[in-house]
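Below is the file model_27.txt, which contains compact mmCIF, C-alpha atoms.
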```txt
# COMPACT_ATOMS: atom_id res chain seq x y z
CA MET A 1329 -7.82 -135.91 -155.50
CA ASP A 1330 -10.90 -135.89 -157.55
CA HIS A 1331 -12.05 -132.44 -158.51
CA GLY A 1332 -15.61 -132.56 -159.62
CA SER A 1333 -18.26 -129.94 -159.11
CA PRO A 1334 -21.29 -130.17 -156.88
CA THR A 1335 -23.80 -129.43 -159.58
CA VAL A 1336 -27.52 -129.51 -159.32
CA GLU A 1337 -29.25 -129.59 -162.64
CA ASP A 1338 -32.73 -128.70 -163.76
CA VAL A 1339 -33.84 -127.08 -160.52
CA PHE A 1340 -37.61 -126.71 -160.19
CA GLY A 1341 -37.86 -128.74 -163.36
CA ILE A 1342 -36.61 -125.82 -165.44
CA SER A 1343 -34.32 -127.28 -168.05
CA TRP A 1344 -31.78 -124.44 -168.20
CA LEU A 1345 -31.58 -123.70 -164.48
CA ASP A 1346 -28.40 -125.41 -163.33
CA PHE A 1347 -26.52 -124.57 -160.16
CA ASN A 1348 -22.92 -125.16 -159.27
CA LEU A 1349 -23.36 -125.25 -155.53
CA SER A 1350 -19.71 -124.45 -154.86
CA ASN A 1351 -20.11 -121.25 -156.82
CA VAL A 1352 -23.25 -120.38 -154.93
CA LEU A 1353 -21.47 -121.05 -151.65
CA MET A 1354 -18.44 -119.00 -152.56
CA ILE A 1355 -20.51 -116.11 -153.85
CA ILE A 1356 -22.30 -115.95 -150.54
CA VAL A 1357 -19.08 -116.30 -148.54
CA ALA A 1358 -17.34 -113.56 -150.50
CA SER A 1359 -20.34 -111.27 -150.16
CA ILE A 1360 -20.54 -111.84 -146.42
CA ILE A 1361 -16.83 -111.22 -145.94
CA VAL A 1362 -16.96 -108.00 -147.96
CA PHE A 1363 -20.01 -106.88 -146.05
CA ILE A 1364 -18.43 -107.62 -142.67
CA ILE A 1365 -15.20 -105.84 -143.58
CA ALA A 1366 -17.07 -102.79 -144.84
CA VAL A 1367 -19.38 -102.61 -141.85
CA ILE A 1368 -16.57 -103.07 -139.32
CA GLY A 1369 -14.59 -100.43 -141.16
CA SER A 1370 -17.37 -97.91 -140.97
CA ARG A 1371 -18.42 -98.40 -137.38
CA ASN A 1372 -17.77 -95.60 -134.91
CA LEU A 1373 -17.12 -93.14 -137.68
CA GLN A 1374 -15.23 -90.13 -136.47
CA ARG A 1375 -14.07 -86.94 -138.00
CA LYS A 1376 -10.59 -87.82 -136.85
CA PRO A 1377 -10.29 -91.38 -138.19
CA THR A 1378 -8.56 -94.14 -136.32
CA GLY A 1379 -7.54 -97.68 -137.14
CA PHE A 1380 -9.83 -99.51 -139.48
CA GLN A 1381 -11.69 -96.41 -140.54
CA ASN A 1382 -8.42 -95.15 -142.01
CA PHE A 1383 -8.16 -98.27 -144.11
CA MET A 1384 -11.72 -97.99 -145.40
CA GLU A 1385 -11.21 -94.35 -146.20
CA TRP A 1386 -8.03 -95.23 -148.02
CA VAL A 1387 -9.97 -97.76 -150.11
CA VAL A 1388 -12.69 -95.24 -150.88
CA ASP A 1389 -10.12 -92.59 -151.73
CA PHE A 1390 -8.29 -95.05 -153.94
CA VAL A 1391 -11.47 -95.82 -155.89
CA LYS A 1392 -12.20 -92.11 -155.99
CA GLY A 1393 -8.82 -91.57 -157.62
CA MET A 1394 -9.57 -94.31 -160.14
CA ILE A 1395 -12.90 -92.74 -161.05
CA SER A 1396 -11.59 -89.21 -161.30
CA SER A 1397 -8.75 -90.39 -163.53
CA THR A 1398 -11.29 -91.62 -166.07
CA MET A 1399 -14.09 -89.07 -165.87
CA ASP A 1400 -15.30 -85.85 -164.43
CA TRP A 1401 -15.75 -86.26 -160.68
CA LYS A 1402 -19.16 -84.58 -160.81
CA THR A 1403 -20.60 -87.37 -162.93
CA GLY A 1404 -18.31 -89.98 -161.46
CA ARG A 1405 -19.23 -89.58 -157.82
CA GLN A 1406 -22.45 -91.57 -158.19
CA PHE A 1407 -20.41 -94.64 -159.20
CA LEU A 1408 -18.24 -94.52 -156.12
CA PRO A 1409 -20.26 -96.99 -153.99
CA PHE A 1410 -20.63 -99.35 -156.95
CA ALA A 1411 -16.96 -99.24 -157.89
CA THR A 1412 -15.79 -99.66 -154.31
CA THR A 1413 -18.07 -102.64 -153.75
CA LEU A 1414 -16.97 -104.17 -157.04
CA LEU A 1415 -13.30 -103.73 -156.19
CA MET A 1416 -13.64 -105.27 -152.74
CA TYR A 1417 -15.87 -108.09 -153.91
CA ILE A 1418 -13.57 -109.13 -156.74
CA PHE A 1419 -10.47 -108.83 -154.59
CA ILE A 1420 -11.96 -110.90 -151.80
CA GLY A 1421 -13.29 -113.39 -154.34
CA ASN A 1422 -9.84 -113.71 -155.89
CA VAL A 1423 -8.09 -114.07 -152.57
CA LEU A 1424 -10.51 -116.72 -151.28
CA GLY A 1425 -8.98 -119.27 -153.64
CA ILE A 1426 -5.44 -118.68 -152.40
CA MET A 1427 -5.85 -119.71 -148.79
CA PHE A 1428 -7.09 -123.21 -149.35
CA MET A 1429 -9.20 -125.46 -151.49
CA VAL A 1430 -11.74 -127.71 -149.93
CA VAL A 1431 -12.58 -130.91 -151.69
CA TYR A 1432 -15.41 -132.83 -150.08
CA ASP A 1433 -16.75 -136.09 -151.32
CA GLY A 1434 -14.90 -135.67 -154.59
CA ASP A 1435 -16.32 -132.26 -155.25
CA LEU A 1436 -14.41 -129.00 -155.19
CA TRP A 1437 -16.33 -126.78 -152.78
CA TRP A 1438 -13.99 -123.98 -151.74
CA LYS A 1439 -12.39 -121.98 -154.53
CA SER A 1440 -12.40 -118.51 -155.95
CA PRO A 1441 -15.86 -117.59 -157.18
CA THR A 1442 -14.10 -115.54 -159.80
CA ALA A 1443 -12.42 -118.66 -161.19
CA ASP A 1444 -15.68 -119.45 -162.96
CA PRO A 1445 -16.34 -117.89 -166.39
CA GLY A 1446 -20.06 -117.67 -165.76
CA ILE A 1447 -19.58 -115.49 -162.70
CA THR A 1448 -16.99 -113.15 -164.17
CA LEU A 1449 -19.08 -112.80 -167.31
CA THR A 1450 -22.10 -111.99 -165.18
CA LEU A 1451 -20.15 -109.23 -163.50
CA ALA A 1452 -18.90 -107.99 -166.87
CA VAL A 1453 -22.38 -108.01 -168.37
CA MET A 1454 -23.68 -106.19 -165.33
CA VAL A 1455 -20.99 -103.53 -165.70
CA VAL A 1456 -21.63 -103.05 -169.41
CA ALA A 1457 -25.37 -102.98 -168.89
CA LEU A 1458 -24.90 -100.30 -166.26
CA THR A 1459 -22.75 -98.27 -168.63
CA HIS A 1460 -25.57 -98.34 -171.17
CA TYR A 1461 -28.12 -97.50 -168.52
CA PHE A 1462 -26.16 -94.50 -167.27
CA GLY A 1463 -25.29 -93.53 -170.84
CA VAL A 1464 -28.98 -93.14 -171.59
CA LYS A 1465 -29.72 -91.58 -168.21
CA ILE A 1466 -27.01 -88.94 -168.35
CA LYS A 1467 -26.79 -88.07 -172.04
CA GLY A 1468 -30.37 -88.85 -173.04
CA GLY A 1469 -31.47 -91.36 -175.65
CA LYS A 1470 -30.40 -89.16 -178.52
CA GLY A 1471 -26.93 -88.41 -177.21
CA TYR A 1472 -26.50 -92.05 -176.31
CA LEU A 1473 -27.37 -93.21 -179.83
CA LYS A 1474 -25.27 -90.49 -181.42
CA ASP A 1475 -22.21 -91.89 -179.72
CA PHE A 1476 -22.51 -95.02 -181.83
CA PHE A 1477 -22.11 -92.96 -184.99
CA SER A 1478 -19.33 -90.67 -183.90
CA PRO A 1479 -16.75 -89.66 -184.90
CA ILE A 1480 -17.80 -91.10 -188.27
CA PRO A 1481 -20.90 -93.17 -189.00
CA ILE A 1482 -18.99 -95.93 -190.77
CA LEU A 1483 -17.61 -97.03 -187.40
CA PHE A 1484 -21.08 -98.10 -186.26
CA PRO A 1485 -20.57 -101.85 -186.81
CA LEU A 1486 -17.25 -101.66 -185.01
CA LYS A 1487 -18.90 -99.90 -182.11
CA ILE A 1488 -21.45 -102.68 -181.84
CA VAL A 1489 -18.73 -105.29 -181.95
CA GLU A 1490 -16.78 -103.32 -179.39
CA GLU A 1491 -19.58 -103.58 -176.86
CA PHE A 1492 -19.56 -107.38 -177.03
CA ALA A 1493 -15.79 -107.55 -177.16
CA ASN A 1494 -15.56 -105.34 -174.10
CA THR A 1495 -17.95 -107.52 -172.19
CA LEU A 1496 -16.25 -110.72 -173.18
CA THR A 1497 -12.71 -109.55 -172.53
CA LEU A 1498 -13.64 -107.93 -169.24
CA GLY A 1499 -15.11 -111.16 -167.91
CA MET A 1500 -12.62 -113.54 -169.51
CA ARG A 1501 -9.54 -111.62 -168.40
CA LEU A 1502 -10.52 -111.96 -164.76
CA TYR A 1503 -11.60 -115.56 -165.14
CA GLY A 1504 -8.45 -116.56 -167.03
CA ASN A 1505 -6.09 -115.01 -164.53
CA ILE A 1506 -7.73 -116.44 -161.47
CA PHE A 1507 -8.47 -119.82 -162.97
CA ALA A 1508 -4.89 -120.20 -164.19
CA GLY A 1509 -3.66 -119.36 -160.75
CA GLU A 1510 -5.92 -121.96 -159.22
CA VAL A 1511 -4.83 -124.63 -161.69
CA LEU A 1512 -1.19 -124.03 -160.87
CA LEU A 1513 -1.95 -124.03 -157.16
CA ALA A 1514 -3.80 -127.33 -157.54
CA LEU A 1515 -0.90 -128.79 -159.45
CA LEU A 1516 1.57 -127.68 -156.80
CA VAL A 1517 -0.63 -129.06 -154.04
CA SER A 1518 -0.95 -132.42 -155.72
CA LEU A 1519 2.79 -132.45 -156.30
CA MET A 1520 3.50 -131.79 -152.65
CA ALA A 1521 0.96 -134.41 -151.63
CA SER A 1522 2.57 -137.13 -153.71
CA GLY A 1523 5.68 -137.67 -151.54
CA ALA A 1524 8.07 -136.29 -148.92
CA LEU A 1525 10.72 -135.29 -151.47
CA GLU A 1526 8.17 -133.58 -153.64
CA ALA A 1527 6.75 -131.77 -150.62
CA VAL A 1528 10.17 -130.27 -149.88
CA ALA A 1529 10.74 -129.43 -153.51
CA GLY A 1530 7.33 -127.85 -153.89
CA PHE A 1531 7.47 -125.72 -150.77
CA VAL A 1532 9.27 -122.70 -152.18
CA PRO A 1533 7.36 -122.57 -155.53
CA MET A 1534 4.12 -122.91 -153.59
CA LEU A 1535 5.01 -119.97 -151.39
CA LEU A 1536 6.12 -117.88 -154.34
CA TRP A 1537 3.04 -118.71 -156.35
CA GLN A 1538 0.72 -117.90 -153.50
CA GLY A 1539 2.39 -114.53 -153.09
CA PHE A 1540 2.22 -113.90 -156.80
CA LYS A 1541 -1.41 -114.94 -156.88
CA LEU A 1542 -2.16 -112.46 -154.14
CA PHE A 1543 -0.54 -109.82 -156.32
CA ILE A 1544 -2.54 -110.98 -159.35
CA SER A 1545 -5.72 -110.90 -157.28
CA ALA A 1546 -5.18 -107.28 -156.41
CA ILE A 1547 -4.09 -106.30 -159.91
CA GLN A 1548 -7.03 -108.06 -161.56
CA ALA A 1549 -9.53 -106.49 -159.19
CA PHE A 1550 -7.98 -103.12 -159.93
CA ILE A 1551 -8.01 -103.71 -163.70
CA PHE A 1552 -11.59 -104.92 -163.67
CA VAL A 1553 -12.86 -101.83 -161.82
CA MET A 1554 -10.62 -99.52 -163.80
CA LEU A 1555 -11.90 -100.86 -167.11
CA ALA A 1556 -15.46 -100.74 -165.83
CA MET A 1557 -14.98 -97.05 -165.09
CA VAL A 1558 -13.29 -96.46 -168.45
CA TYR A 1559 -16.23 -98.03 -170.27
CA MET A 1560 -18.55 -96.03 -168.07
CA SER A 1561 -16.76 -92.80 -168.91
CA HIS A 1562 -17.00 -93.61 -172.63
CA LYS A 1563 -20.73 -93.74 -172.23
CA VAL A 1564 -21.36 -90.85 -169.87
CA SER A 1565 -18.79 -88.17 -170.64
CA SER A 1566 -19.47 -85.91 -173.57
CA ASP A 1567 -15.86 -85.29 -174.57
CA HIS A 1568 -13.48 -88.11 -175.36
CA MET B 961 2.24 -138.99 -161.30
CA LEU B 962 -0.25 -136.13 -161.58
CA ASP B 963 -3.92 -136.75 -161.81
CA PRO B 964 -4.84 -135.81 -165.38
CA ARG B 965 -8.18 -134.54 -164.22
CA LEU B 966 -6.36 -131.64 -162.56
CA TYR B 967 -5.68 -130.12 -165.94
CA ASN B 968 -9.33 -129.83 -166.70
CA LEU B 969 -10.28 -128.58 -163.31
CA ASN B 970 -13.80 -127.26 -163.56
CA ALA B 971 -13.46 -127.51 -167.29
CA GLU B 972 -16.50 -129.68 -167.72
CA VAL B 973 -18.55 -126.93 -166.15
CA GLY B 974 -20.11 -124.70 -168.70
CA LEU B 975 -21.95 -121.49 -168.05
CA MET B 976 -24.61 -122.21 -165.51
CA ALA B 977 -27.62 -119.95 -165.56
CA GLY B 978 -28.31 -120.55 -161.89
CA ASP B 979 -24.85 -119.37 -160.88
CA MET B 980 -25.24 -116.27 -162.95
CA ILE B 981 -28.56 -115.41 -161.40
CA VAL B 982 -27.22 -116.05 -157.92
CA GLN B 983 -24.16 -113.95 -158.65
CA LEU B 984 -26.18 -111.05 -159.99
CA VAL B 985 -28.75 -111.09 -157.22
CA MET B 986 -26.15 -111.53 -154.51
CA PHE B 987 -24.05 -108.70 -155.86
CA LEU B 988 -27.01 -106.37 -156.07
CA ILE B 989 -28.03 -107.25 -152.51
CA LEU B 990 -24.45 -106.76 -151.36
CA LEU B 991 -24.27 -103.44 -153.17
CA ALA B 992 -27.50 -102.24 -151.61
CA LEU B 993 -26.62 -103.32 -148.08
CA ILE B 994 -23.04 -102.21 -148.16
CA THR B 995 -24.01 -98.85 -149.60
CA LYS B 996 -26.59 -98.34 -146.90
CA PHE B 997 -24.52 -99.57 -143.97
CA ALA B 998 -20.98 -98.71 -144.94
CA TRP B 999 -20.36 -96.44 -147.87
CA ARG B 1000 -23.05 -93.89 -147.20
CA PRO B 1001 -21.98 -93.14 -143.58
CA LEU B 1002 -18.32 -93.37 -144.51
CA MET B 1003 -18.68 -90.96 -147.40
CA ASN B 1004 -20.78 -88.66 -145.29
CA VAL B 1005 -18.06 -88.52 -142.69
CA MET B 1006 -15.40 -87.93 -145.32
CA GLN B 1007 -17.45 -85.17 -146.88
CA GLU B 1008 -18.15 -83.64 -143.51
CA ARG B 1009 -14.45 -83.67 -142.74
CA GLU B 1010 -13.72 -82.05 -146.09
CA GLN B 1011 -16.30 -79.40 -145.30
CA HIS B 1012 -14.85 -78.94 -141.85
CA ILE B 1013 -11.33 -78.49 -143.15
CA ALA B 1014 -12.52 -76.09 -145.81
CA ASN B 1015 -14.38 -74.09 -143.18
CA GLU B 1016 -11.34 -74.05 -140.94
CA ILE B 1017 -9.18 -72.80 -143.78
CA ASP B 1018 -11.75 -70.16 -144.61
CA SER B 1019 -12.04 -68.97 -141.04
CA ALA B 1020 -8.26 -68.94 -140.66
CA GLU B 1021 -8.05 -66.81 -143.77
CA LYS B 1022 -10.75 -64.55 -142.44
CA SER B 1023 -9.09 -64.07 -139.07
CA ARG B 1024 -5.80 -63.42 -140.81
CA GLN B 1025 -7.42 -60.69 -142.83
CA GLU B 1026 -9.11 -59.37 -139.72
CA SER B 1027 -5.86 -59.23 -137.81
CA GLU B 1028 -4.17 -57.58 -140.76
CA ARG B 1029 -6.92 -54.99 -140.85
CA LEU B 1030 -6.60 -54.41 -137.11
CA MET B 1031 -2.87 -54.07 -137.38
CA LYS B 1032 -3.25 -51.54 -140.17
CA GLU B 1033 -5.78 -49.66 -138.11
CA ALA B 1034 -3.47 -49.59 -135.12
CA GLN B 1035 -0.64 -48.40 -137.32
CA ASP B 1036 -2.81 -45.67 -138.75
CA GLU B 1037 -3.84 -44.65 -135.29
CA LEU B 1038 -0.25 -44.57 -134.15
CA LYS B 1039 0.69 -42.50 -137.16
CA SER B 1040 -2.08 -39.99 -136.58
CA THR B 1041 -1.24 -39.82 -132.89
CA ARG B 1042 2.36 -39.14 -133.75
CA GLN B 1043 1.24 -36.44 -136.14
CA ASN B 1044 -0.97 -34.95 -133.46
CA ALA B 1045 1.89 -34.91 -131.00
CA GLN B 1046 4.10 -33.24 -133.58
CA GLN B 1047 1.40 -30.66 -134.19
CA ILE B 1048 1.06 -29.98 -130.48
CA ILE B 1049 4.78 -29.56 -130.06
CA GLU B 1050 4.92 -27.18 -133.00
CA ASP B 1051 2.01 -25.21 -131.63
CA ALA B 1052 3.67 -24.97 -128.26
CA LYS B 1053 6.85 -23.79 -129.87
CA LEU B 1054 4.95 -21.14 -131.78
CA THR B 1055 3.12 -19.99 -128.67
CA ALA B 1056 6.34 -19.86 -126.74
CA LYS B 1057 7.93 -17.74 -129.43
CA ASP B 1058 4.94 -15.42 -129.42
CA GLN B 1059 5.05 -15.13 -125.70
CA GLU B 1060 8.72 -14.53 -125.77
CA GLU B 1061 8.27 -11.72 -128.24
CA THR B 1062 5.49 -10.18 -126.21
CA LEU B 1063 7.54 -10.45 -123.08
CA ILE B 1064 10.54 -8.86 -124.71
CA SER B 1065 8.49 -6.06 -126.20
CA GLU B 1066 6.73 -5.51 -122.87
CA ALA B 1067 10.07 -5.47 -121.12
CA LYS B 1068 11.38 -3.02 -123.68
CA ALA B 1069 8.34 -0.79 -123.23
CA GLU B 1070 8.69 -1.02 -119.48
CA ALA B 1071 12.33 -0.10 -119.70
CA GLU B 1072 11.45 2.79 -121.99
CA ARG B 1073 8.83 3.95 -119.53
CA ILE B 1074 11.19 3.71 -116.62
CA LYS B 1075 13.81 5.60 -118.59
CA GLN B 1076 11.26 8.26 -119.47
CA SER B 1077 10.12 8.75 -115.91
CA ALA B 1078 13.69 8.86 -114.71
CA ARG B 1079 14.43 11.52 -117.23
CA GLN B 1080 11.36 13.46 -116.13
CA GLU B 1081 12.37 13.16 -112.54
CA ILE B 1082 15.81 14.37 -113.36
CA GLU B 1083 14.27 17.33 -115.18
CA GLN B 1084 12.07 18.11 -112.20
CA GLU B 1085 14.96 17.80 -109.84
CA LYS B 1086 16.89 20.13 -112.02
CA GLU B 1087 14.02 22.64 -112.08
CA ARG B 1088 13.64 22.41 -108.34
CA ALA B 1089 17.34 22.86 -107.87
CA ILE B 1090 17.29 25.88 -110.13
CA GLN B 1091 14.36 27.33 -108.20
CA ALA B 1092 16.10 26.69 -104.92
CA LEU B 1093 19.15 28.27 -106.36
CA GLN B 1094 17.11 31.31 -107.44
CA GLU B 1095 15.65 31.66 -103.94
CA GLN B 1096 19.03 31.26 -102.44
CA VAL B 1097 20.46 33.74 -104.85
CA GLY B 1098 17.59 36.18 -103.96
CA THR B 1099 18.17 35.97 -100.25
CA LEU B 1100 21.87 36.10 -100.71
CA SER B 1101 21.68 39.19 -102.86
CA VAL B 1102 19.28 40.80 -100.38
CA GLN B 1103 21.65 40.10 -97.57
CA ILE B 1104 24.52 41.32 -99.65
CA ALA B 1105 22.52 44.40 -100.69
CA SER B 1106 21.29 45.07 -97.13
CA LYS B 1107 24.82 44.68 -95.97
CA VAL B 1108 26.01 46.94 -98.68
CA ILE B 1109 23.30 49.51 -98.67
CA GLU B 1110 22.14 49.33 -95.06
CA LYS B 1111 19.06 51.13 -96.01
CA GLU B 1112 15.55 50.87 -94.72
CA LEU B 1113 14.55 48.69 -97.52
CA SER B 1114 12.17 46.21 -96.13
CA MET B 1115 12.52 42.49 -96.76
CA ASP B 1116 9.31 42.34 -98.73
CA GLU B 1117 10.12 45.16 -100.97
CA GLN B 1118 13.56 43.78 -101.46
CA GLU B 1119 12.32 40.49 -102.62
CA LYS B 1120 9.83 42.10 -104.96
CA LEU B 1121 12.49 44.17 -106.49
CA ILE B 1122 14.84 41.22 -107.01
CA ASN B 1123 12.14 39.16 -108.55
CA GLU B 1124 11.41 42.00 -110.87
CA TYR B 1125 15.00 42.11 -111.93
CA LEU B 1126 15.32 38.45 -112.28
CA GLU B 1127 12.27 38.22 -114.42
CA LYS B 1128 13.63 40.93 -116.59
CA VAL B 1129 16.86 39.05 -116.86
CA GLY B 1130 14.95 35.90 -117.81
CA GLU B 1131 12.96 37.78 -120.44
CA SER B 1132 15.99 39.35 -121.97
CA LYS B 1133 17.69 35.98 -122.16
```
Starting from the coordinates I provided, produce the structure as structure tokens.
Amino acid sequence: MDHGSPTVEDVFGISWLDFNLSNVLMIIVASIIVFIIAVIGSRNLQRKPTGFQNFMEWVVDFVKGMISSTMDWKTGRQFLPFATTLLMYIFIGNVLGIMFMVVYDGDLWWKSPTADPGITLTLAVMVVALTHYFGVKIKGGKGYLKDFFSPIPILFPLKIVEEFANTLTLGMRLYGNIFAGEVLLALLVSLMASGALEAVAGFVPMLLWQGFKLFISAIQAFIFVMLAMVYMSHKVSSDH
Amino acid sequence: MLDPRLYNLNAEVGLMAGDMIVQLVMFLILLALITKFAWRPLMNVMQEREQHIANEIDSAEKSRQESERLMKEAQDELKSTRQNAQQIIEDAKLTAKDQEETLISEAKAEAERIKQSARQEIEQEKERAIQALQEQVGTLSVQIASKVIEKELSMDEQEKLINEYLEKVGESK
């Protein structure tokens, strides 16, 4: 089992533009799955919901609860589509790596897209950038800047550090959890593949770990969105 | 036993700018599409349902108040009707009493009248009887006198004489 990555470097002759094709593939797959689930869930919408619509409404209500636990619902309602999409995308991305891993021609093609630091950091940067954007939009430039100097101005450097720390930890937490899960899964798989005895021995741990990874997937998606909303509320709500 | 390369799974991969761009663009596209095709209609339906339920609650409250008002009205009406009936009964009682009194007084007056006329009649009867008695007495005395005297005293003169006497008697009385 040789786990390389299908990388393409220097696309279009641009020296920094490198692609990990497995990531690209998995991003697209996760997006399509999320899109299909959401669209199926919101077909034939009725006032009296049935079946899948109930599930989608439960998801939306769940995210609604998350948002209203961090900020005023009046300001928070505009983040509902974003937060719901983020939650579903990250959860699906996390879960994709549990089912199977596809190694083709020595390259690892099928894995969690969220098991890549670049991708989780992109999401984290996007979240933090959005918090700044909405911070300026809702409180105005002056109120936004004033937040960096409150409650006391001497905290300003810490506030700047905090922004970067938030971004880094937000992305790295997700990456670390999912990547660790994948590593252990890969180890268990290779153990089970190495012999009949090992296959029997590895069966129960494999099952347990897959279940636990499913749990971690859900928890990490929840934590990511929750923290995103907490950071957002720090930027947009006037009282802390 | 284990392939050592498993430990550094993906580890040689650094941050790839292309992945990041793809991730960002894909997520934004996903967000836009999913918001348009799924969240917007879904949230609209949820909001509509919320509105509907709120309306239903409102209208239920309204009809409850309405029915309460109607019930109060009916009760008031019943009360006033009862009062009216009471009034009518009282009035009737009063009228009856009045009538009774009038009747009794009329009856009393009637009785008084009857008594009076009876008394008058009795008086008249008495008078007539006395007169008859006087006449009788006259004739009797004439007969007695004519029997006694046997004189040619005519009947007419006789009577005149007796009347004279009688009147004198009455005057002296």
Could you work out which residues of chain A fall inside 6 Å of chain B? Count all atoms listed in the file, and format the result as a short mmCIF file (atom, residue, chain, number, x, y, z; two decimals) with C-alpha atoms, keeping the file's coordinate frame.
```
data_model
loop_
_atom_site.label_atom_id
_atom_site.label_comp_id
_atom_site.auth_asym_id
_atom_site.auth_seq_id
_atom_site.Cartn_x
_atom_site.Cartn_y
_atom_site.Cartn_z
CA LEU A 1345 -31.58 -123.70 -164.48
CA ASP A 1346 -28.40 -125.41 -163.33
CA PHE A 1347 -26.52 -124.57 -160.16
CA PHE A 1363 -20.01 -106.88 -146.05
CA ALA A 1366 -17.07 -102.79 -144.84
CA VAL A 1367 -19.38 -102.61 -141.85
CA SER A 1370 -17.37 -97.91 -140.97
CA ARG A 1375 -14.07 -86.94 -138.00
CA GLY A 1446 -20.06 -117.67 -165.76
CA ILE A 1447 -19.58 -115.49 -162.70
CA THR A 1450 -22.10 -111.99 -165.18
#
```
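Excluding segment 1497-1504 of chain A itself and same-chain residues fewer than 6 positions from it, the residues having an atom within 10 Å of it are A:Ile1418, A:Asn1422, A:Ser1440, A:Pro1441, A:Thr1442, A:Ala1443, A:Asp1444, A:Pro1445, A:Gly1446, A:Ile1447, A:Thr1448, A:Leu1449, A:Thr1450, A:Leu1451, A:Ala1452, A:Val1453, A:Val1455, A:Val1456, A:Glu1510, A:Ile1544, A:Ser1545, A:Ile1547, A:Gln1548, A:Ala1549, A:Ile1551, A:Phe1552, A:Val1553, A:Leu1555, A:Ala1556, counting all atoms listed in the file.
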Practice task
Identify, on the basis of all atoms listed in the file, every residue whose closest approach to Asp1389 of chain A does not exceed 12 Å; exclude the query and any residue fewer than 5 positions from it along the same chain; express the result as a ChimeraX atom specification.
Solution key: /A:1381-1384,1394-1396,1405,1408-1409,1411-1412 /B:999,1002-1003,1006-1007
Exercise for the section: May I have the residues within 12 Å of segment 1096-1106 of chain B as a PyMOL selection string, using all atoms listed in the file and disregarding those fewer than 3 positions away in the same chain? Expected result: chain B and resi 1088-1093+1109-1127
Practice task
Between A:Trp1386, A:Phe1407, A:Trp1437, A:Trp1401, single out the one closest to Ser1350 of chain A, counting all atoms listed in the file.
Solution key: A:Trp1437
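If you look at atom CA of Thr1413 of chain A and atom CA of Ile1466 of chain A, they are 21.9 Å away from each other.
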Practice task
Please check which residues have atoms at most 8 Å from (-6.1, -119.8, -155.0) in the file's coordinates, counting all atoms listed in the file, and write them as a PyMOL selection string.
Solution key: chain A and resi 1422-1429+1439-1440+1506+1509-1510+1513+1538+1541
Exercise for the section: Report the distance between atom CA of Lys1465 of chain A and atom CA of Thr1403 of chain A in Å, rounded to one decimal place. Expected result: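 Between atom CA of Lys1465 of chain A and atom CA of Thr1403 of chain A the gap is 11.3 Å.
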Practice task
Give me, please, the distance in Å between atom CA of Leu1512 of chain A and atom CA of Phe1543 of chain A, quoted to one decimal.
Solution key: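 Interatomic distance here is 14.9 Å.
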